[in-house]
file entry.tsv (TSV, C-alpha atoms)
chain	number	residue	atom	x	y	z
A	415	MET	CA	32.46	33.83	1.76
A	416	THR	CA	31.61	31.79	-1.34
A	417	GLU	CA	33.41	32.64	-4.57
A	418	ARG	CA	33.37	31.10	-8.01
A	419	THR	CA	35.51	32.15	-10.95
A	420	ILE	CA	34.17	31.40	-14.41
A	421	PRO	CA	36.95	31.36	-17.03
A	422	VAL	CA	36.27	31.86	-20.73
A	423	ASP	CA	38.52	29.69	-22.88
A	424	VAL	CA	38.47	31.85	-26.01
A	425	ILE	CA	40.58	34.79	-27.09
A	426	GLY	CA	39.08	38.17	-27.94
A	427	PRO	CA	35.65	39.78	-27.63
A	428	ILE	CA	32.65	37.70	-26.58
A	429	ALA	CA	28.87	37.92	-26.57
A	430	LEU	CA	27.70	37.66	-22.96
A	431	ASP	CA	24.14	36.47	-22.22
A	432	LEU	CA	23.58	36.87	-18.46
A	433	THR	CA	20.40	36.31	-16.44
A	434	MET	CA	20.66	37.22	-12.75
A	435	ASN	CA	17.53	38.46	-11.01
A	436	THR	CA	18.92	39.89	-7.75
A	437	GLY	CA	22.17	41.18	-6.27
A	438	SER	CA	24.61	43.38	-8.18
A	439	ILE	CA	26.20	43.15	-11.62
A	440	ARG	CA	29.35	44.93	-12.72
A	441	VAL	CA	30.66	44.73	-16.28
A	442	ILE	CA	34.18	46.01	-16.91
A	443	VAL	CA	35.36	46.40	-20.51
A	444	ASP	CA	39.17	46.42	-20.60
A	445	THR	CA	41.00	47.30	-23.83
A	446	THR	CA	44.12	45.45	-22.62
A	447	LEU	CA	42.28	42.22	-21.76
A	448	LYS	CA	42.66	39.20	-24.06
A	449	GLN	CA	40.27	36.74	-22.39
A	450	ALA	CA	37.01	37.34	-20.57
A	451	HIS	CA	36.30	35.99	-17.11
A	452	MET	CA	33.58	36.31	-14.49
A	453	VAL	CA	33.56	36.12	-10.68
A	454	LEU	CA	30.49	35.38	-8.51
A	455	THR	CA	30.71	36.07	-4.77
A	456	THR	CA	28.51	36.20	-1.69
A	457	GLU	CA	29.31	36.58	2.00
A	458	ALA	CA	27.56	33.34	2.97
A	459	THR	CA	29.42	30.04	3.04
A	460	SER	CA	26.20	28.00	2.96
A	461	GLY	CA	22.51	28.48	2.31
A	462	LEU	CA	20.54	29.73	-0.68
A	463	SER	CA	23.04	32.25	-1.98
A	464	ALA	CA	26.01	29.91	-1.80
A	465	ASP	CA	23.96	27.17	-3.45
A	466	ALA	CA	22.91	29.56	-6.21
A	467	ILE	CA	26.54	30.32	-7.05
A	468	ARG	CA	27.42	26.63	-7.15
A	469	ASP	CA	24.32	25.87	-9.24
A	470	THR	CA	24.91	28.65	-11.77
A	471	THR	CA	24.89	27.18	-15.27
A	472	VAL	CA	27.51	28.23	-17.80
A	473	SER	CA	27.77	27.34	-21.47
A	474	LEU	CA	30.22	28.54	-24.10
A	475	ASN	CA	29.52	28.16	-27.81
A	476	GLY	CA	32.23	29.77	-29.86
A	477	GLN	CA	32.40	33.38	-28.69
A	478	ASN	CA	28.95	33.19	-27.03
A	479	LEU	CA	28.90	32.87	-23.24
A	480	ARG	CA	25.57	32.05	-21.56
A	481	VAL	CA	25.28	32.35	-17.76
A	482	ARG	CA	22.17	31.66	-15.69
A	483	VAL	CA	22.22	32.42	-11.95
A	484	PRO	CA	19.33	30.69	-10.11
A	485	ASP	CA	16.62	32.99	-8.78
A	486	LEU	CA	16.96	33.33	-5.00
A	487	ALA	CA	13.36	34.44	-4.71
A	488	GLY	CA	12.16	31.22	-6.30
A	489	GLY	CA	10.64	33.00	-9.27
A	490	MET	CA	8.87	36.30	-9.77
A	491	SER	CA	5.45	34.99	-10.72
A	492	GLY	CA	2.56	36.71	-9.01
A	493	THR	CA	4.55	39.81	-8.10
A	494	THR	CA	3.33	43.37	-7.69
A	495	THR	CA	5.74	46.29	-7.93
A	496	VAL	CA	4.91	49.81	-6.71
A	497	SER	CA	7.23	52.77	-7.37
A	498	ARG	CA	6.76	56.17	-5.78
A	499	GLY	CA	9.20	59.02	-5.30
A	500	GLY	CA	12.27	57.00	-6.23
A	501	TYR	CA	11.41	54.09	-3.89
A	502	THR	CA	10.26	50.65	-5.03
A	503	MET	CA	8.27	47.96	-3.17
A	504	THR	CA	7.85	44.47	-4.62
A	505	PHE	CA	5.34	41.98	-3.19
A	506	SER	CA	5.53	38.29	-4.10
A	507	GLY	CA	3.48	35.51	-2.48
A	508	GLY	CA	2.97	35.33	1.27
A	509	ASN	CA	-0.20	35.62	3.33
A	510	GLY	CA	-0.13	39.36	3.79
A	511	VAL	CA	2.10	42.36	4.46
A	512	GLN	CA	1.07	45.55	6.23
A	513	ILE	CA	3.06	48.75	6.68
A	514	VAL	CA	1.66	50.77	9.60
A	515	ASN	CA	3.39	53.89	10.96
A	516	GLY	CA	6.70	52.73	9.49
A	517	ASN	CA	6.45	49.24	11.01
A	518	VAL	CA	6.33	46.13	8.81
A	519	HIS	CA	3.92	43.36	9.82
A	520	ILE	CA	4.09	39.97	8.08
A	521	ASN	CA	1.26	37.48	8.49
A	522	GLY	CA	2.05	33.88	7.75
A	523	GLY	CA	5.44	33.30	9.36
A	524	GLY	CA	7.64	35.15	6.89
A	525	LYS	CA	11.07	36.56	7.62
A	526	VAL	CA	12.46	40.07	7.26
A	527	PHE	CA	15.69	40.81	5.38
A	528	ILE	CA	17.58	44.10	5.15
A	529	ASN	CA	20.24	44.24	2.41
A	530	GLY	CA	20.01	40.46	2.17
A	531	ARG	CA	20.57	39.83	5.91
A	532	GLU	CA	17.90	38.26	8.08
A	533	VAL	CA	16.88	40.51	10.97
A	534	THR	CA	14.16	38.28	12.46
A	535	ALA	CA	14.80	35.92	15.32
A	536	THR	CA	13.46	32.86	13.51
A	537	GLY	CA	15.52	30.58	11.30
A	538	PRO	CA	19.24	29.81	11.44
A	539	ALA	CA	21.53	32.58	10.23
A	540	GLY	CA	22.99	30.23	7.65
A	541	ASP	CA	19.67	30.22	5.80
A	542	ALA	CA	19.70	33.99	5.26
A	543	VAL	CA	19.89	35.19	1.69
A	544	THR	CA	23.01	37.27	1.22
A	545	PRO	CA	23.43	39.35	-1.94
A	546	ILE	CA	25.30	37.83	-4.87
A	547	SER	CA	27.79	39.98	-6.73
A	548	ALA	CA	28.75	39.28	-10.34
A	549	VAL	CA	31.84	40.98	-11.78
A	550	VAL	CA	32.43	40.39	-15.49
A	551	HIS	CA	35.66	41.37	-17.23
A	552	LEU	CA	35.31	41.68	-21.01
A	553	PRO	CA	37.77	42.45	-23.81
A	554	ALA	CA	37.12	45.42	-26.09
A	555	LYS	CA	34.40	45.09	-28.77
A	556	SER	CA	32.41	42.67	-26.61
A	557	VAL	CA	28.60	42.76	-26.48
A	558	ALA	CA	26.23	41.87	-23.66
A	559	ALA	CA	22.61	40.91	-23.06
A	560	ILE	CA	21.60	41.30	-19.41
A	561	SER	CA	18.27	40.28	-17.91
A	562	THR	CA	17.46	41.06	-14.27
A	563	HIS	CA	14.65	41.94	-11.90
A	564	THR	CA	16.18	44.00	-9.09
A	565	ALA	CA	19.97	43.78	-9.51
A	566	ASN	CA	21.77	47.07	-9.95
A	567	THR	CA	24.01	46.95	-13.03
A	568	VAL	CA	27.09	49.08	-13.66
A	569	VAL	CA	29.01	49.05	-16.95
A	570	THR	CA	32.41	50.72	-17.19
A	571	GLY	CA	34.33	51.07	-20.42
A	572	VAL	CA	32.85	50.79	-23.93
A	573	LEU	CA	30.42	48.00	-24.84
A	574	ALA	CA	29.86	47.51	-28.56
A	575	ARG	CA	26.22	46.60	-27.88
A	576	LEU	CA	24.02	46.24	-24.81
A	577	GLU	CA	20.62	44.58	-24.60
A	578	TYR	CA	19.13	45.23	-21.17
A	579	ASP	CA	15.88	43.92	-19.69
A	580	GLY	CA	15.32	45.14	-16.15
A	581	THR	CA	12.52	45.34	-13.59
A	582	SER	CA	12.98	47.63	-10.58
A	583	GLY	CA	16.73	47.67	-11.08
A	584	MET	CA	19.14	50.44	-12.02
A	585	LEU	CA	21.53	50.44	-14.98
A	586	THR	CA	24.41	52.89	-15.29
A	587	ALA	CA	26.81	52.71	-18.23
A	588	ASP	CA	29.67	54.86	-19.46
A	589	ARG	CA	29.46	54.35	-23.21
A	590	VAL	CA	27.56	51.96	-25.47
A	591	GLY	CA	27.62	51.46	-29.22
A	592	ASP	CA	24.08	50.08	-29.73
A	593	LEU	CA	21.57	50.15	-26.88
A	594	GLU	CA	18.30	48.24	-26.61
A	595	ALA	CA	16.62	48.56	-23.21
A	596	THR	CA	13.31	47.33	-21.82
A	597	VAL	CA	12.69	48.90	-18.42
A	598	THR	CA	9.82	48.42	-15.97
A	599	SER	CA	9.82	50.51	-12.79
A	600	GLY	CA	13.58	50.90	-13.03
A	601	SER	CA	16.07	53.46	-14.21
A	602	VAL	CA	18.76	53.70	-16.89
A	603	ILE	CA	21.57	56.26	-16.99
A	604	VAL	CA	23.94	56.07	-19.98
A	605	GLY	CA	26.68	58.59	-20.71
A	606	GLU	CA	26.99	58.04	-24.48
A	607	VAL	CA	25.19	56.01	-27.15
A	608	ASN	CA	26.89	55.99	-30.55
A	609	GLY	CA	24.68	53.56	-32.48
A	610	PRO	CA	20.99	52.67	-32.82
A	611	LEU	CA	18.91	53.33	-29.71
A	612	ASP	CA	15.72	51.43	-28.81
A	613	ILE	CA	14.00	52.18	-25.49
A	614	SER	CA	10.79	50.61	-24.16
A	615	LEU	CA	9.97	52.19	-20.80
A	616	THR	CA	7.12	51.58	-18.37
A	617	SER	CA	6.92	53.55	-15.13
A	618	GLY	CA	10.64	54.22	-14.91
A	619	SER	CA	13.25	56.69	-16.10
A	620	VAL	CA	15.92	56.83	-18.78
A	621	ASN	CA	18.65	59.44	-19.16
A	622	VAL	CA	21.03	59.44	-22.14
A	623	GLY	CA	23.74	62.09	-21.82
A	624	ALA	CA	24.87	62.13	-25.47
A	625	TYR	CA	23.20	60.35	-28.39
A	626	SER	CA	25.19	60.20	-31.65
A	627	GLY	CA	23.47	57.34	-33.47
A	628	HIS	CA	21.57	57.19	-36.74
A	629	HIS	CA	18.22	55.81	-35.54
A	630	ALA	CA	16.38	56.13	-32.22
A	631	ARG	CA	13.05	54.81	-31.01
A	632	LEU	CA	11.54	55.88	-27.69
A	633	ASN	CA	8.40	54.05	-26.51
A	634	VAL	CA	7.29	55.48	-23.16
A	635	THR	CA	4.36	54.51	-20.93
A	636	SER	CA	4.03	56.38	-17.65
A	637	GLY	CA	7.75	57.03	-17.47
A	638	SER	CA	10.31	59.72	-18.14
A	639	VAL	CA	13.03	59.97	-20.81
A	640	ARG	CA	15.70	62.68	-21.01
A	641	MET	CA	18.14	62.62	-23.91
A	642	ALA	CA	20.61	65.00	-25.55
A	643	ALA	CA	21.30	64.44	-29.24
A	644	THR	CA	24.68	65.53	-30.59
A	645	ALA	CA	25.54	67.12	-33.92
A	646	GLN	CA	26.86	63.70	-35.03
A	647	SER	CA	23.41	62.09	-34.67
A	648	SER	CA	21.39	61.53	-37.83
A	649	GLY	CA	18.37	59.75	-39.26
A	650	ARG	CA	15.00	59.23	-37.63
A	651	LEU	CA	13.87	59.85	-34.06
A	652	SER	CA	10.57	58.07	-33.34
A	653	VAL	CA	8.74	58.91	-30.11
A	654	ASN	CA	5.62	57.16	-28.82
A	655	ALA	CA	4.45	58.48	-25.44
A	656	THR	CA	1.43	57.27	-23.49
A	657	SER	CA	0.97	59.13	-20.22
A	658	GLY	CA	4.71	59.68	-20.07
A	659	SER	CA	7.24	62.44	-20.43
A	660	VAL	CA	9.94	62.81	-23.10
A	661	ARG	CA	12.45	65.63	-23.46
A	662	VAL	CA	15.06	65.53	-26.24
A	663	THR	CA	17.47	68.39	-26.87
A	664	GLY	CA	19.76	69.00	-29.85
A	665	ALA	CA	17.40	67.11	-32.18
A	666	GLY	CA	16.38	69.91	-34.54
A	667	HIS	CA	18.27	68.32	-37.45
A	668	LEU	CA	16.71	64.86	-37.02
A	669	ASN	CA	13.73	63.37	-38.84
A	670	VAL	CA	11.28	63.37	-35.94
A	671	ARG	CA	8.14	61.24	-35.81
A	672	ARG	CA	6.01	61.55	-32.70
A	673	ARG	CA	2.82	60.04	-31.37
A	674	VAL	CA	1.51	61.30	-28.04
A	675	THR	CA	-1.46	60.00	-26.04
A	676	SER	CA	-2.00	61.89	-22.78
A	677	GLY	CA	1.72	62.44	-22.40
A	678	HIS	CA	4.21	65.27	-22.73
A	679	VAL	CA	6.87	65.40	-25.45
A	680	GLN	CA	9.35	68.24	-25.87
A	681	ILE	CA	11.88	68.05	-28.73
A	682	SER	CA	14.22	70.92	-29.49
call {"tool": "encode", "arguments": {"input": "entry.tsv", "output": "structure tokens"}}
result
Amino acid sequence: MTERTIPVDVIGPIALDLTMNTGSIRVIVDTTLKQAHMVLTTEATSGLSADAIRDTTVSLNGQNLRVRVPDLAGGMSGTTTVSRGGYTMTFSGGNGVQIVNGNVHINGGGKVFINGREVTATGPAGDAVTPISAVVHLPAKSVAAISTHTANTVVTGVLARLEYDGTSGMLTADRVGDLEATVTSGSVIVGEVNGPLDISLTSGSVNVGAYSGHHARLNVTSGSVRMAATAQSSGRLSVNATSGSVRVTGAGHLNVRRRVTSGHVQIS
């Protein structure tokens, strides 16, 4: 196993800026914690994943922590993502992939990986890409900006603000003050949002259990949003749906502005 601990030499809440395209991300907000720290791990001791952990760049400027984990896939340019029935397929490069009767055929000498482990007979096992796990411990009142392609992200505790940009990944969070999320073919599940809410969704899903903020904007294209507004929510709710579905409950007291193009919006 390869492990790297990233200490943060400042006291109190921080602003985390994390880019990590694959693997898993866990953010833990601890009210008793004085200093943030982060741990990167992977099962491999050598190869691409281990190198990515060692090559991760870290910079700290005041209370601002910037972390960049190298992309194991070598970049996402030229990718195509297809989502159907809760399953996602992403194609990037290569000479051709066919799926016939449940069998996967790769033309051009590619390898097959399941959960990051190589299952083909070619190539040394040490070259297999094993998943990278990032666990971030943050003091209370911290904020985070997370950018990822396929990594699943879990946030426990209360983040003062979360900016999330995800493609084909899943975000689950307990409670967020302000939430700004850009989602493409992914999903977001948040228990509570207490501040401004800004969602831009394309071919994915967003579920907000309890919204108590004072301004919300939902921009949906071929996706689905479900949200419950509380009695504490106020201000404007702006909804722009293009071939998507939006359902908001408990919003009768809000100043609702809606624009619908070949989509379905239900606000009650």
call {"tool": "closest_residue", "arguments": {"input": "entry.tsv", "among": "A:Arg589, A:His678, A:Arg650, A:Arg661", "to": "Lys555 in chain A", "atoms": "all atoms listed in the file"}}
result
A:Arg589
call {"tool": "residues_around", "arguments": {"input": "entry.tsv", "residues": "His451 in chain A", "least_positions_apart": "2", "cutoff": "12 Å", "atoms": "all atoms listed in the file", "output": "mmCIF file with C-alpha atoms, in the frame of the given file"}}
result
data_model
loop_
_atom_site.group_PDB
_atom_site.id
_atom_site.type_symbol
_atom_site.label_atom_id
_atom_site.label_comp_id
_atom_site.auth_asym_id
_atom_site.auth_seq_id
_atom_site.Cartn_x
_atom_site.Cartn_y
_atom_site.Cartn_z
ATOM 1 C CA ARG A 418 33.370 31.100 -8.010
ATOM 2 C CA THR A 419 35.510 32.150 -10.950
ATOM 3 C CA ILE A 420 34.170 31.400 -14.410
ATOM 4 C CA PRO A 421 36.950 31.360 -17.030
ATOM 5 C CA VAL A 422 36.270 31.860 -20.730
ATOM 6 C CA ASP A 423 38.520 29.690 -22.880
ATOM 7 C CA VAL A 424 38.470 31.850 -26.010
ATOM 8 C CA ILE A 425 40.580 34.790 -27.090
ATOM 9 C CA GLY A 426 39.080 38.170 -27.940
ATOM 10 C CA PRO A 427 35.650 39.780 -27.630
ATOM 11 C CA ILE A 428 32.650 37.700 -26.580
ATOM 12 C CA LEU A 430 27.700 37.660 -22.960
ATOM 13 C CA VAL A 441 30.660 44.730 -16.280
ATOM 14 C CA ILE A 442 34.180 46.010 -16.910
ATOM 15 C CA VAL A 443 35.360 46.400 -20.510
ATOM 16 C CA ASP A 444 39.170 46.420 -20.600
ATOM 17 C CA LEU A 447 42.280 42.220 -21.760
ATOM 18 C CA LYS A 448 42.660 39.200 -24.060
ATOM 19 C CA GLN A 449 40.270 36.740 -22.390
ATOM 20 C CA VAL A 453 33.560 36.120 -10.680
ATOM 21 C CA LEU A 454 30.490 35.380 -8.510
ATOM 22 C CA VAL A 472 27.510 28.230 -17.800
ATOM 23 C CA LEU A 474 30.220 28.540 -24.100
ATOM 24 C CA LEU A 479 28.900 32.870 -23.240
ATOM 25 C CA VAL A 481 25.280 32.350 -17.760
ATOM 26 C CA ALA A 548 28.750 39.280 -10.340
ATOM 27 C CA VAL A 549 31.840 40.980 -11.780
ATOM 28 C CA VAL A 550 32.430 40.390 -15.490
ATOM 29 C CA HIS A 551 35.660 41.370 -17.230
ATOM 30 C CA LEU A 552 35.310 41.680 -21.010
ATOM 31 C CA PRO A 553 37.770 42.450 -23.810
#
call {"tool": "closest_residue", "arguments": {"input": "entry.tsv", "among": "A:Ser626, A:Ser638, A:Asn633, A:Ser682", "to": "Val602 in chain A", "atoms": "all atoms listed in the file"}}
result
A:Ser638
call {"tool": "axis_aligned_box", "arguments": {"input": "entry.tsv", "around": "range 677-682 of chain A", "padding_each_side": "3 Å", "output": "JSON"}}
result
{"center_x": 8.0, "center_y": 66.7, "center_z": -25.9, "size_x": 18.5, "size_y": 14.5, "size_z": 13.1}
call {"tool": "residues_around", "arguments": {"input": "entry.tsv", "residues": "Met415 in chain A", "least_positions_apart": "6", "cutoff": "10 Å", "atoms": "only C-alpha atoms", "output": "VMD selection string"}}
result
chain A and resid 455 to 460 464
call {"tool": "residues_around", "arguments": {"input": "entry.tsv", "residues": "range 584-587 of chain A", "least_positions_apart": "3", "cutoff": "10 Å", "atoms": "only C-alpha atoms", "output": "ChimeraX atom specification"}}
result
/A:438-441,562-573,576,578-581,590,595,597,599-607,618-622
call {"tool": "closest_residue", "arguments": {"input": "entry.tsv", "among": "A:Ala554, A:Thr644, A:Met434, A:Ser657", "to": "Thr446 in chain A", "atoms": "only C-alpha atoms"}}
result
A:Ala554
call {"tool": "atom_distance", "arguments": {"input": "entry.tsv", "atom1": "CA of Val653 in chain A", "atom2": "CA of Ala630 in chain A"}}
result
8.4 Å
call {"tool": "closest_residue", "arguments": {"input": "entry.tsv", "among": "A:Ser582, A:Ser614, A:Thr598, A:Ser652", "to": "Arg671 in chain A", "atoms": "only C-alpha atoms"}}
result
A:Ser652
call {"tool": "residues_around", "arguments": {"input": "entry.tsv", "residues": "Arg673 in chain A", "least_positions_apart": "4", "cutoff": "12 Å", "atoms": "all atoms listed in the file", "output": "MDAnalysis selection string"}}
result
chainID A and resid 631:635 651:658 660 677:680
call {"tool": "atom_distance", "arguments": {"input": "entry.tsv", "atom1": "CA of Asp485 in chain A", "atom2": "CA of Leu462 in chain A"}}
result
9.6 Å
call {"tool": "atom_distance", "arguments": {"input": "entry.tsv", "atom1": "CA of Gly649 in chain A", "atom2": "CA of Gly623 in chain A"}}
result
18.4 Å
call {"tool": "residues_near_point", "arguments": {"input": "entry.tsv", "point": "(22.3, 49.4, -29.0)", "cutoff": "7 Å", "atoms": "all atoms listed in the file", "output": "ChimeraX atom specification"}}
result
/A:575-577,590-594,609-612
call {"tool": "write_last_selection", "arguments": {"input": "entry.tsv", "atoms": "C-alpha atoms", "output": "compact mmCIF listing (two decimals), in the frame of the given file"}}
result
# COMPACT_ATOMS: atom_id res chain seq x y z
CA ARG A 575 26.22 46.60 -27.88
CA LEU A 576 24.02 46.24 -24.81
CA GLU A 577 20.62 44.58 -24.60
CA VAL A 590 27.56 51.96 -25.47
CA GLY A 591 27.62 51.46 -29.22
CA ASP A 592 24.08 50.08 -29.73
CA LEU A 593 21.57 50.15 -26.88
CA GLU A 594 18.30 48.24 -26.61
CA GLY A 609 24.68 53.56 -32.48
CA PRO A 610 20.99 52.67 -32.82
CA LEU A 611 18.91 53.33 -29.71
CA ASP A 612 15.72 51.43 -28.81
